[in-house]
Structures are given as C-alpha cells and as structure tokens.
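Undergrad: Take this structure first; my questions come after.
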Amino acid sequence: MDKLLIQGGQSLSGSVKISGAKNSVLPMLCASVMPTTGVVQLENVPHLQDVTTTTRLLTQMGVSVTMDEFMNISLDPSAIDNFYAPYDLVKTMRSSILVLGPLLSRFGEAKVSLPGGCAIGLRPVDMHLKALKKMGAEIKVERGYITARSKRLVGANITFEKKTVTGTENIIMAASLAKGLTKISNAANEPEISDLCLFLNKMGAKISGYGTDMIEIDGVDALKGTKHKPLPDRIEAGTFMIAAAITRGDVEINNIVPKHSYAVIEKLIEAGAEITSTDNSIRVKMRQRPKAVDIETNAYPYFPTDMQAQMTALNSVAKGDSYVRENIFENRFMHVQELERMGALIKVDDNTATISGTKKLLAAPVMATDLRASASLILAGLAAEGTTEIARVYHIDRGYDCIEEKLQLIGARISRKPM
Ligand code: EPU
C-alpha cells in the first residue's frame with residue numbers, strides 16, 4: 001500500500017489539463033453491453049482504478065475490451081455470456097449497480113451483488129429497484145444479491161422521491177430498450193446524465209428532456225455501437241481550483257466546461273479569488289488569505305457534495321468562521337477528524353460542520369477514508385507547514401487521473417512512497 005508525501009507551502013502556478021469525467025465514463029462503460037451491432041468506442045478515458053474495475057467486471061461477462069496508449073477504449077459486447085456482477089468487484093465500487101438496468105433491458109436477466117453501505121453513508125438502491133419493478137421486472141434480493149428477470153421491460157411513469165444520479169441513469173438505460181414511453185419525474189440533471197443521454201442517442205436511443213428534471217425515453221428495439229468522448233471532469237477541475245486558492249497560487253485549468261463548475265466558482269469568488277474564464281478554461285488566482293464561505297451541498301446545479309470535503313479544507317485555513325452543510329450523504333465528514341490532526345478547528349453537529357479558520361495547518365500523518373476525503377487531505381497538505389503523509393491513497397486512485405504528476409507540473413512537492 002502506498003502513501004503520499006506532500007511538502008506544503010508551495011504556491012502553485014501554471015496550467016493543468018482536466019481528464020474525462022469519471023462519473024460520465026462509468027455509466028457509459030456499463031451501457032456498452034446494450035448494442036446488438038457494432039462496438040462502443042470511448043475516447044480520452046481517464047486512467048482510474050474505477051475504470052479498471054468496471055472493465056474487469058465487463059470482461060468477466062464476456063465483453064471484449066481493448067485499450068490503446070491514449071486510453072481510447074473499445075468494447076465489443078457480441079460474446080456476452082453471463083449477466084453476473086460478483087460481490088468481489090461490486091464491493092470496491094458502488095457504481096457497479098449501473099450494469100443492472102442495461103443487462104436487464106438487453107438480456108432480460110441480471111444478478112448483481114448488493115452494493116451495501118460505504119464510508120460516506122448507507123447509499124441504498126431501493127429507488128433503482130422500485131422503478132425497475134414498475135417497468136415489469138421481477139426482482140428478488142437474497143443472500144446479498146439482486147436477481148432481476150423480465151420479458152421485455154415496458155415503459156412506465158417513474159417519480160423518484162429523491163433525486164438520484166445513478167438511479168436516474170439506470171432507469172434511462174433500462175428504458176432505452178423497453179417497449180413504449182418512460183417518463184422520469186424528479187430526475188437528477190447532473191451534466192454527466194446529459195452526457196450519458198447524448199451517448200445513448202448516438203447509439204440509437206430516443207431520449208429527450210435531459211438536463212431538466214423530467215426525462216422522457218421512447219424505447220427502441222435495438223441499439224448500435226458508437227464513438228463518444230466523455231465530458232471533462234468538473235470535480236477534478238473544482239479540486240484544482242481549490243488547490244490554486246488554498247496555496248495562494250495562480251493556475252489555469254484547461255479542457256473544462258466552466259458553466260458546469262458555476263457553484264464552485266461562485267464560492268471561490270466569494271472567498272476572494274480572481275477568476276477569469278474562456279469557453280474551455282478557468283484561471284484562478286488568489287492573492288491573499290481566503291475568506292471563509294458558507295456552503296450547503298445539493299443536487300446539480302447547486303454546490304456538489306463531491307466538492308464538500310475540498311471546500312472544508314479551504315475553509316479550515318480561511319479568515320473567519322463558516323459552516324458546511326452536507327445535504328446528500330449522512331456520513332460525509334470523515335475527513336474532518338483527519339483535518340483536525342493537522343490543526344483544523346471544526347465541530348460537526350449532525351449534517352453541519354462549523355469551522356473556525358486557522359492561519360496555519362501543521363503537517364501530520366493522516367489517513368484517506370474515501371475518494372473526496374483524500375482530495376481534501378492533499379489540499380490541506382499543500383497548504384500546511386511541513387511534510388504531510390497520507391495513508392490509504394488507493395482511494396485517490398479510484399477517481400483522480402495522475403494526480404501527483406498533474407500537481408507536480410504546477411509546482412507541488414508531492415511524491416508517492418510504498419508504506
Ligand atoms: N438514495 C436512496 N435510495 C436510492 C438511491 C439513492 O436513498 O435508491 C439516496 C442516497 O443514499 C443519497 C441520495 O439518495 O442520500 C443521493 O444519492 P445518489 O443516488 O444521487 O448517489 P449515487 O448515484 O450513488 C452519484 C455519484 C457520487 C455522487 C452522488 C451525488 C456516480 C458513479 N457516483 O452517486 O459520486 O456523490 O451521485 O452527486 O455517479 C464520487 O464521485 O466521489 C461520488 C461519490
């Protein structure tokens with residue numbers, strides 16, 4: 001197991017290129033089981049552990065996966081012969097639940113391990129299952145597995161009681177090959193969902209309304225292979241924006257869609273950053289100690305839960321007091337006790353962290369507990385005095401493409417060492 005060593009105190013400057021979005025690529029990889037003709041080609045896929053795990057999952061189902069040195073992935077589903085997602089793979093990556101809708105709609109059966117809880121909360125999949133049942137699936141949950149069967153799924157009116165990203169994606173994919181019209185009300189409208197819909201429409205699906213909370217899918221009889229380049233990762237982009245701000249640096253973040261990061265940009269401006277943008281880049285300059293800003297997480301377009309830990313790190317060194325309220329996941333404050341080890345002054349009460357900004361964090365040995373928590377510890381390490389050691393860095397490798405290399409290029413002193 002590796003650890004990261006970060007020697008803090010360097011002001012970051014230069015430019016960084018953002019990779020394809022993890023949360024766009026993962027559902028697209030799962031959708032690759034659906035075409036009856038042709039192959040799915042995904043370009044510029046980020047080099048992530050979650051991508052490797054998903055391709056392993058697809059390979060053991062019989063999908064033929066090839067990858068070139070530029071991370072263009074080609075997926076040929078013509079030889080699929082099992083519809084099984086085993087516990088060993090699903091337990092490391094909850095998004096494996098995204099194979100359920102595609103397998104069921106294409107092959108009429110699927111057996112997928114229940115994802116179970118994870119560090120950030122319980123994360124049930126009840127809304128996915130309820131919606132699939134409404135479309136005619138017979139679903140049993142037994143001995144840790146979801147077993148689903150159906151003749152051709154039928155379109156239905158689905159209303160999610162709460163917005164769910166992968167729930168919306170699973171139903172969109174299932175409905176693409178169903179008979180008749182499916183209407184999803186209170187659908188999630190994250191950019192990654194719109195990207196998935198664009199991709200499915202290229203495969204021959206008939207999806208409209210994406211980007212709003214009412215999505216309609218007119219089921220088709222067959223889908224074909226296609227080529228697609230996933231969106232840039234707005235969470236990776238946001239993490240680099242905060243890296244610039246927390247080190248009082250000046251960083252240009254390229255290959256992004258600035259409007260997808262609006263909620264984060266707004267908060268950084270409030271914190272005192274100077275921000276300029278073009279159609280596909282943002283430059284973040286922070287000349288002085290950032291000001292503390294209050295945030296509340298919510299579904300897109302509001303402040304993303306996936307940026308909460310990083311913003312908590314920024315508020316830890318900001319001038320003034322702030323609160324951070326987490327409205328999506330019930331246990332997403334695991335980074336707080338680690339930040340406290342570095343001298344952050346944070347009190348958590350239920351879903352709210354109250355932070356008194358301190359002038360300086362001091363390096364300490366800390367442990368990453370989940371993907372975004374590890375990003376917040378890297379950010380804190382960049383700002384801290386001394387050398388921070390972060391253990392359990394496998395969490396960061398799940399979702400950040402070449403993070404040390406990208407940070408090194410803009411002046412960070414960060415390296416990886418075996419434990
Ligand atoms: N929920 C239920 N029942 C369900 C589904 C969700 O109660 O059947 C609850 C969840 O427990 C949570 C809320 O609904 O409280 C929203 O969860 P959602 O389903 O939207 O989360 P998700 O689809 O499991 C995706 C991202 C997460 C991101 C969330 C919220 C992927 C692969 N994952 O998860 O990404 O935090 O949406 O935006 O798209 C990450 O990248 O670090 C990450 C955790």
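Labels for the structure tokens follow display order: chains A, B, ..., residues from 1 in each chain, ligands from 1.
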Which residues are near Lys163 of chain A? Cut-off 7 Å, only C-alpha atoms, ignore same chain within fewer than 3 positions. Put them as a count of residues only.
TA: 4
Undergrad: Could you produce a table of the residues of chain A lying within 6 Å of ligand 1, with the nearest pair of atoms per residue and their separation in Å rounded to one decimal, using only C-alpha atoms and all ligand atoms, ordered by chain and increasing residue number, as JSON lines?
TA:
```
{"residue": "A:Asn23", "atom": "CA", "partner": "ligand 1", "partner_atom_place_in_ligand_line": "39 (O)", "distance": 4.4}
{"residue": "A:Ser95", "atom": "CA", "partner": "ligand 1", "partner_atom_place_in_ligand_line": "32 (C)", "distance": 4.7}
{"residue": "A:Leu122", "atom": "CA", "partner": "ligand 1", "partner_atom_place_in_ligand_line": "11 (O)", "distance": 5.8}
{"residue": "A:Arg123", "atom": "CA", "partner": "ligand 1", "partner_atom_place_in_ligand_line": "11 (O)", "distance": 3.5}
{"residue": "A:Pro124", "atom": "CA", "partner": "ligand 1", "partner_atom_place_in_ligand_line": "3 (N)", "distance": 4.6}
{"residue": "A:Val125", "atom": "CA", "partner": "ligand 1", "partner_atom_place_in_ligand_line": "8 (O)", "distance": 3.2}
{"residue": "A:Asp126", "atom": "CA", "partner": "ligand 1", "partner_atom_place_in_ligand_line": "8 (O)", "distance": 3.9}
{"residue": "A:Met127", "atom": "CA", "partner": "ligand 1", "partner_atom_place_in_ligand_line": "8 (O)", "distance": 3.5}
{"residue": "A:His128", "atom": "CA", "partner": "ligand 1", "partner_atom_place_in_ligand_line": "8 (O)", "distance": 5.0}
{"residue": "A:Lys163", "atom": "CA", "partner": "ligand 1", "partner_atom_place_in_ligand_line": "20 (O)", "distance": 6.0}
{"residue": "A:Thr164", "atom": "CA", "partner": "ligand 1", "partner_atom_place_in_ligand_line": "20 (O)", "distance": 3.3}
{"residue": "A:Val165", "atom": "CA", "partner": "ligand 1", "partner_atom_place_in_ligand_line": "20 (O)", "distance": 3.8}
{"residue": "A:Thr166", "atom": "CA", "partner": "ligand 1", "partner_atom_place_in_ligand_line": "23 (O)", "distance": 3.6}
{"residue": "A:Gly167", "atom": "CA", "partner": "ligand 1", "partner_atom_place_in_ligand_line": "19 (O)", "distance": 5.6}
{"residue": "A:Thr305", "atom": "CA", "partner": "ligand 1", "partner_atom_place_in_ligand_line": "36 (O)", "distance": 5.7}
{"residue": "A:Asp306", "atom": "CA", "partner": "ligand 1", "partner_atom_place_in_ligand_line": "36 (O)", "distance": 5.1}
{"residue": "A:Ile328", "atom": "CA", "partner": "ligand 1", "partner_atom_place_in_ligand_line": "15 (O)", "distance": 4.7}
{"residue": "A:Phe329", "atom": "CA", "partner": "ligand 1", "partner_atom_place_in_ligand_line": "15 (O)", "distance": 4.5}
{"residue": "A:Leu371", "atom": "CA", "partner": "ligand 1", "partner_atom_place_in_ligand_line": "42 (O)", "distance": 5.5}
{"residue": "A:Arg372", "atom": "CA", "partner": "ligand 1", "partner_atom_place_in_ligand_line": "42 (O)", "distance": 5.6}
```
Undergrad: What are the nearest atom pairs, with distances in Å to one decimal, for all residues of segment 224-297 of chain A that come at most 12 Å from segment 343-364 of chain A, using only C-alpha atoms, set out by chain and rising residue number as JSON lines?
TA:
```
{"residue": "A:Ile246", "atom": "CA", "partner": "A:Lys360", "partner_atom": "CA", "distance": 11.1}
{"residue": "A:Thr247", "atom": "CA", "partner": "A:Lys360", "partner_atom": "CA", "distance": 11.5}
{"residue": "A:Gln288", "atom": "CA", "partner": "A:Lys359", "partner_atom": "CA", "distance": 11.7}
{"residue": "A:Arg289", "atom": "CA", "partner": "A:Lys359", "partner_atom": "CA", "distance": 8.4}
{"residue": "A:Pro290", "atom": "CA", "partner": "A:Gly357", "partner_atom": "CA", "distance": 9.6}
{"residue": "A:Lys291", "atom": "CA", "partner": "A:Gly357", "partner_atom": "CA", "distance": 8.8}
{"residue": "A:Ala292", "atom": "CA", "partner": "A:Gly357", "partner_atom": "CA", "distance": 7.0}
{"residue": "A:Val293", "atom": "CA", "partner": "A:Ile355", "partner_atom": "CA", "distance": 9.9}
{"residue": "A:Asp294", "atom": "CA", "partner": "A:Thr354", "partner_atom": "CA", "distance": 9.2}
{"residue": "A:Ile295", "atom": "CA", "partner": "A:Thr352", "partner_atom": "CA", "distance": 9.8}
{"residue": "A:Glu296", "atom": "CA", "partner": "A:Thr352", "partner_atom": "CA", "distance": 8.8}
{"residue": "A:Thr297", "atom": "CA", "partner": "A:Asn351", "partner_atom": "CA", "distance": 10.4}
```
Undergrad: List every residue of segment 33-274 of chain A that DSSP, applied to the backbone, labels as strand (DSSP E), and write the result as number ranges by chain.
TA: A: 40-42, 64-67, 73-76, 84-85, 109-113, 138-142, 145-149, 157-159, 181-185, 206-208, 214-218, 227-228, 250-254, 274
Undergrad: To one decimal in Å, tell me the separation between atom CA of Leu48 of chain A and atom CA of Ser261 of chain A.
TA: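 Spanning atom CA of Leu48 of chain A to atom CA of Ser261 of chain A is a straight-line distance of 21.4 Å.
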Undergrad: According to DSSP computed on the backbone, where in segment 2-235 of chain A is there helix (DSSP H, G or I)? Give the residues as a PyMOL selection string.
TA: chain A and resi 22-31+49-61+87-90+94-107+126-134+165-176+191-202+234-235
Undergrad: Of the residues A:Asp397, A:Lys285, A:Thr52, A:Ile390, which is the one nearest to Met419 of chain A, using only C-alpha atoms?
TA: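 Once distances to Met419 of chain A are computed over only C-alpha atoms, the minimum belongs to A:Ile390.
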Undergrad: Restricting the calculation to only C-alpha atoms, which member of A:Ile6, A:Ala309, A:Ile207, A:Ile80 is positioned closest to Glu326 of chain A?
TA: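 Closest to Glu326 of chain A, using only C-alpha atoms: A:Ala309.
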Undergrad: Figure out the distance between atom CA of Leu129 of chain A and atom CA of Ile97 of chain A, please, to one decimal in Å.
TA: 10.4 Å
Undergrad: Residues near Leu409 of chain A, anyone? I mean within 10 Å using only C-alpha atoms, not counting same-chain ones fewer than 5 positions away, as a list in words.
TA: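 Here the answer would be Leu12, Ser13, Gly14, Ser15, Val16 and Glu404 of chain A.
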Undergrad: So which residues touch Arg149 of chain A within 12 Å, counting only C-alpha atoms, skipping near sequence neighbours fewer than 6 positions away, as a compact mmCIF listing (two decimals) with N, CA, C and O atoms, in the first residue's frame?
TA:
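Output file result-v7.txt follows:
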```
# COMPACT_ATOMS: atom_id res chain seq x y z
N PHE A 83 -24.43 -12.72 -16.93
CA PHE A 83 -25.07 -11.45 -16.58
C PHE A 83 -24.92 -11.21 -15.09
O PHE A 83 -25.85 -10.85 -14.39
N LEU A 100 -27.05 -3.10 -13.84
CA LEU A 100 -28.36 -3.76 -13.66
C LEU A 100 -29.36 -3.38 -14.77
O LEU A 100 -29.92 -4.27 -15.43
N GLY A 101 -29.57 -2.08 -14.97
CA GLY A 101 -30.54 -1.63 -15.99
C GLY A 101 -30.16 -2.11 -17.39
O GLY A 101 -30.99 -2.71 -18.09
N LEU A 103 -28.21 -4.66 -18.42
CA LEU A 103 -28.29 -6.12 -18.60
C LEU A 103 -29.74 -6.58 -18.68
O LEU A 103 -30.11 -7.40 -19.52
N LEU A 104 -30.54 -6.02 -17.80
CA LEU A 104 -31.95 -6.44 -17.75
C LEU A 104 -32.67 -6.07 -19.03
O LEU A 104 -33.44 -6.87 -19.58
N SER A 105 -32.42 -4.86 -19.54
CA SER A 105 -33.17 -4.45 -20.73
C SER A 105 -32.67 -5.18 -21.97
O SER A 105 -33.42 -5.49 -22.88
N ARG A 106 -31.38 -5.51 -22.00
CA ARG A 106 -30.83 -6.14 -23.20
C ARG A 106 -31.01 -7.66 -23.19
O ARG A 106 -31.30 -8.26 -24.22
N PHE A 107 -30.82 -8.28 -21.99
CA PHE A 107 -30.81 -9.74 -21.95
C PHE A 107 -31.95 -10.34 -21.12
O PHE A 107 -32.10 -11.56 -21.06
N GLY A 108 -32.71 -9.48 -20.42
CA GLY A 108 -33.84 -9.99 -19.63
C GLY A 108 -33.43 -10.63 -18.32
O GLY A 108 -34.27 -11.17 -17.61
N GLU A 109 -32.15 -10.57 -17.98
CA GLU A 109 -31.75 -11.08 -16.66
C GLU A 109 -30.46 -10.44 -16.18
O GLU A 109 -29.62 -10.01 -16.99
N ALA A 110 -30.33 -10.39 -14.86
CA ALA A 110 -29.10 -9.85 -14.26
C ALA A 110 -29.02 -10.33 -12.82
O ALA A 110 -30.05 -10.48 -12.15
N LYS A 111 -27.79 -10.60 -12.39
CA LYS A 111 -27.57 -10.91 -10.98
C LYS A 111 -26.42 -10.02 -10.51
O LYS A 111 -25.29 -10.16 -10.96
N VAL A 112 -26.75 -9.09 -9.63
CA VAL A 112 -25.77 -8.07 -9.24
C VAL A 112 -25.68 -8.04 -7.72
O VAL A 112 -26.71 -7.97 -7.03
N LEU A 129 -34.55 -0.17 -7.71
CA LEU A 129 -35.29 -1.44 -7.80
C LEU A 129 -36.79 -1.18 -7.97
O LEU A 129 -37.46 -1.85 -8.76
N LEU A 132 -37.49 -0.22 -11.54
CA LEU A 132 -37.38 -1.36 -12.49
C LEU A 132 -38.59 -2.28 -12.33
O LEU A 132 -39.10 -2.82 -13.32
N LYS A 133 -39.05 -2.46 -11.09
CA LYS A 133 -40.26 -3.29 -10.87
C LYS A 133 -41.44 -2.67 -11.59
O LYS A 133 -42.25 -3.36 -12.20
N MET A 135 -41.41 -1.15 -14.22
CA MET A 135 -41.27 -1.40 -15.66
C MET A 135 -41.45 -2.88 -15.99
O MET A 135 -41.20 -3.31 -17.12
N GLY A 136 -41.83 -3.66 -15.00
CA GLY A 136 -42.18 -5.07 -15.25
C GLY A 136 -41.14 -6.08 -14.81
O GLY A 136 -41.31 -7.28 -15.02
N ALA A 137 -40.05 -5.62 -14.18
CA ALA A 137 -39.02 -6.59 -13.76
C ALA A 137 -39.48 -7.33 -12.50
O ALA A 137 -40.15 -6.76 -11.64
N GLU A 138 -39.07 -8.59 -12.46
CA GLU A 138 -39.29 -9.37 -11.24
C GLU A 138 -37.97 -9.33 -10.49
O GLU A 138 -36.94 -9.76 -11.02
N ILE A 139 -38.00 -8.81 -9.27
CA ILE A 139 -36.72 -8.61 -8.57
C ILE A 139 -36.74 -9.28 -7.21
O ILE A 139 -37.69 -9.13 -6.44
N LYS A 140 -35.69 -10.06 -6.94
CA LYS A 140 -35.55 -10.67 -5.61
C LYS A 140 -34.22 -10.19 -5.03
O LYS A 140 -33.22 -10.10 -5.75
N VAL A 141 -34.23 -9.91 -3.73
CA VAL A 141 -32.96 -9.59 -3.07
C VAL A 141 -32.72 -10.68 -2.04
O VAL A 141 -33.49 -10.82 -1.08
```
Undergrad: Just how far from atom CA of Leu339 of chain A is atom CA of Thr387 of chain A, in Å to one decimal?
TA: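 Separation between atom CA of Thr387 of chain A and atom CA of Leu339 of chain A: 14.1 Å.
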Undergrad: Could you pull the residues within 10 Å of Pro27 of chain A, counting only C-alpha atoms, minus those fewer than 4 positions along the same chain, as a list in words?
TA: Lys22, Asn23, Ala31, Ser32, Thr54, Ser95, Ser96, Ile97, Leu98, Val99, Pro102, Thr166, Glu169, Asn170, Met173, Glu192, Ile193, Asp195 and Leu196 of chain A
Undergrad: Which residues are close to Ser64 of chain A, i.e. within 7 Å by only C-alpha atoms, leaving aside same-chain residues fewer than 6 positions away? Reply as a list in words.
TA: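 Near neighbours after the sequence-gap exclusion: Leu75, Asp76 and Pro77 of chain A.
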Undergrad: Out of A:Ala412, A:Met34, A:Ala79, A:Ala368, which residue has the shortest atom-to-atom distance to Tyr394 of chain A when counting only C-alpha atoms?
TA: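 Looking at the shortest contact to Tyr394 of chain A, the residue is A:Ala368.
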Undergrad: Wanna dump the segment 2-83 of chain A-segment 212-230 of chain A contacts at 6 Å for me, each residue with its shortest atom pair and the distance in Å to one decimal, counting only C-alpha atoms, ordered by chain and number, as a Markdown table?
TA:
```
| residue | atom | partner | partner_atom | distance |
| --- | --- | --- | --- | --- |
| A:Gly20 | CA | A:Pro230 | CA | 5.7 |
| A:Pro35 | CA | A:Lys224 | CA | 4.5 |
| A:Thr36 | CA | A:Lys224 | CA | 5.9 |
| A:Thr37 | CA | A:Lys224 | CA | 5.0 |
| A:Gly38 | CA | A:Gly225 | CA | 4.3 |
| A:Val39 | CA | A:Gly225 | CA | 4.3 |
| A:Val40 | CA | A:Gly225 | CA | 4.7 |
| A:Gln41 | CA | A:Lys227 | CA | 4.5 |
| A:Leu42 | CA | A:His228 | CA | 5.1 |
| A:Glu43 | CA | A:Lys229 | CA | 4.8 |
```
Undergrad: Using the selection just defined, write its residues with N, CA, C and O atoms as a PDB file, in the first residue's frame.
TA:
```
ATOM      1  N   GLY A  20     -11.186  13.196 -18.665  1.00  0.00           N
ATOM      2  CA  GLY A  20     -12.595  12.840 -18.849  1.00  0.00           C
ATOM      3  C   GLY A  20     -13.246  12.543 -17.499  1.00  0.00           C
ATOM      4  O   GLY A  20     -12.577  12.123 -16.558  1.00  0.00           O
ATOM      5  N   PRO A  35     -25.606  -2.639 -27.122  1.00  0.00           N
ATOM      6  CA  PRO A  35     -25.804  -2.704 -28.581  1.00  0.00           C
ATOM      7  C   PRO A  35     -25.916  -4.135 -29.104  1.00  0.00           C
ATOM      8  O   PRO A  35     -25.268  -5.042 -28.585  1.00  0.00           O
ATOM      9  N   THR A  36     -26.732  -4.310 -30.139  1.00  0.00           N
ATOM     10  CA  THR A  36     -26.805  -5.631 -30.785  1.00  0.00           C
ATOM     11  C   THR A  36     -25.836  -5.681 -31.966  1.00  0.00           C
ATOM     12  O   THR A  36     -25.451  -6.756 -32.410  1.00  0.00           O
ATOM     13  N   THR A  37     -25.479  -4.505 -32.496  1.00  0.00           N
ATOM     14  CA  THR A  37     -24.472  -4.485 -33.565  1.00  0.00           C
ATOM     15  C   THR A  37     -23.430  -3.422 -33.243  1.00  0.00           C
ATOM     16  O   THR A  37     -23.739  -2.421 -32.605  1.00  0.00           O
ATOM     17  N   GLY A  38     -22.219  -3.668 -33.692  1.00  0.00           N
ATOM     18  CA  GLY A  38     -21.159  -2.665 -33.560  1.00  0.00           C
ATOM     19  C   GLY A  38     -20.514  -2.663 -32.188  1.00  0.00           C
ATOM     20  O   GLY A  38     -20.913  -3.392 -31.278  1.00  0.00           O
ATOM     21  N   VAL A  39     -19.487  -1.816 -32.058  1.00  0.00           N
ATOM     22  CA  VAL A  39     -18.761  -1.716 -30.793  1.00  0.00           C
ATOM     23  C   VAL A  39     -18.895  -0.298 -30.252  1.00  0.00           C
ATOM     24  O   VAL A  39     -19.187   0.639 -30.994  1.00  0.00           O
ATOM     25  N   VAL A  40     -18.678  -0.171 -28.961  1.00  0.00           N
ATOM     26  CA  VAL A  40     -18.686   1.146 -28.330  1.00  0.00           C
ATOM     27  C   VAL A  40     -17.236   1.598 -28.197  1.00  0.00           C
ATOM     28  O   VAL A  40     -16.392   0.848 -27.705  1.00  0.00           O
ATOM     29  N   GLN A  41     -16.975   2.808 -28.665  1.00  0.00           N
ATOM     30  CA  GLN A  41     -15.612   3.349 -28.534  1.00  0.00           C
ATOM     31  C   GLN A  41     -15.666   4.615 -27.687  1.00  0.00           C
ATOM     32  O   GLN A  41     -16.396   5.557 -28.029  1.00  0.00           O
ATOM     33  N   LEU A  42     -14.926   4.623 -26.600  1.00  0.00           N
ATOM     34  CA  LEU A  42     -14.870   5.801 -25.737  1.00  0.00           C
ATOM     35  C   LEU A  42     -13.473   6.391 -25.832  1.00  0.00           C
ATOM     36  O   LEU A  42     -12.478   5.673 -25.689  1.00  0.00           O
ATOM     37  N   GLU A  43     -13.434   7.706 -26.093  1.00  0.00           N
ATOM     38  CA  GLU A  43     -12.133   8.367 -26.284  1.00  0.00           C
ATOM     39  C   GLU A  43     -11.709   9.078 -25.014  1.00  0.00           C
ATOM     40  O   GLU A  43     -12.562   9.550 -24.247  1.00  0.00           O
TER      41      GLU A  43
END
```
Undergrad: Using only C-alpha atoms, which residues sit within 12 Å of Ser277 of chain A once same-chain residues fewer than 4 positions away are excluded, as an MDAnalysis selection string?
TA: chainID A and resid 251:259 261:262 265 281:285
Undergrad: Pull C-alpha atoms from the residues just selected and write them as an mmCIF file, in the first residue's frame.
TA:
```
data_model
loop_
_atom_site.group_PDB
_atom_site.id
_atom_site.type_symbol
_atom_site.label_atom_id
_atom_site.label_comp_id
_atom_site.auth_asym_id
_atom_site.auth_seq_id
_atom_site.Cartn_x
_atom_site.Cartn_y
_atom_site.Cartn_z
ATOM 1 C CA VAL A 251 -3.454 28.236 -12.015
ATOM 2 C CA GLU A 252 -5.125 27.897 -15.407
ATOM 3 C CA ILE A 253 -7.397 24.862 -15.581
ATOM 4 C CA ASN A 254 -7.881 23.718 -19.171
ATOM 5 C CA ASN A 255 -10.214 21.405 -21.042
ATOM 6 C CA ILE A 256 -13.274 22.091 -18.911
ATOM 7 C CA VAL A 257 -16.832 23.316 -19.297
ATOM 8 C CA PRO A 258 -16.817 26.355 -16.969
ATOM 9 C CA LYS A 259 -20.615 26.511 -16.574
ATOM 10 C CA SER A 261 -18.460 24.405 -12.180
ATOM 11 C CA TYR A 262 -20.549 27.538 -11.600
ATOM 12 C CA ILE A 265 -16.638 29.309 -8.968
ATOM 13 C CA SER A 281 -10.710 27.120 -19.295
ATOM 14 C CA ILE A 282 -10.693 28.917 -15.968
ATOM 15 C CA ARG A 283 -7.847 30.785 -14.339
ATOM 16 C CA VAL A 284 -7.927 31.000 -10.549
ATOM 17 C CA LYS A 285 -5.709 33.499 -8.797
#
```
Undergrad: Choose the residue, out of A:Ala85, A:Val65, A:Ile403, A:Val51, that has the smallest atom-to-atom separation from Glu236 of chain A; count only C-alpha atoms.
TA: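 So, comparing all the options, the nearest one is A:Ile403.
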Undergrad: Would you mind telling me which residue in A:Met71, A:Ala175, A:Ile269, A:Val366 lies nearest to Lys3 of chain A when using only C-alpha atoms?
TA: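 Of the candidates, the smallest distance to Lys3 of chain A is held by A:Val366.
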Undergrad: Closest to Arg332 of chain A among A:Gln7, A:Ala205, A:Arg234, A:Ala119, using only C-alpha atoms?
TA: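 That would be A:Ala119, the residue with the smallest distance to Arg332 of chain A.
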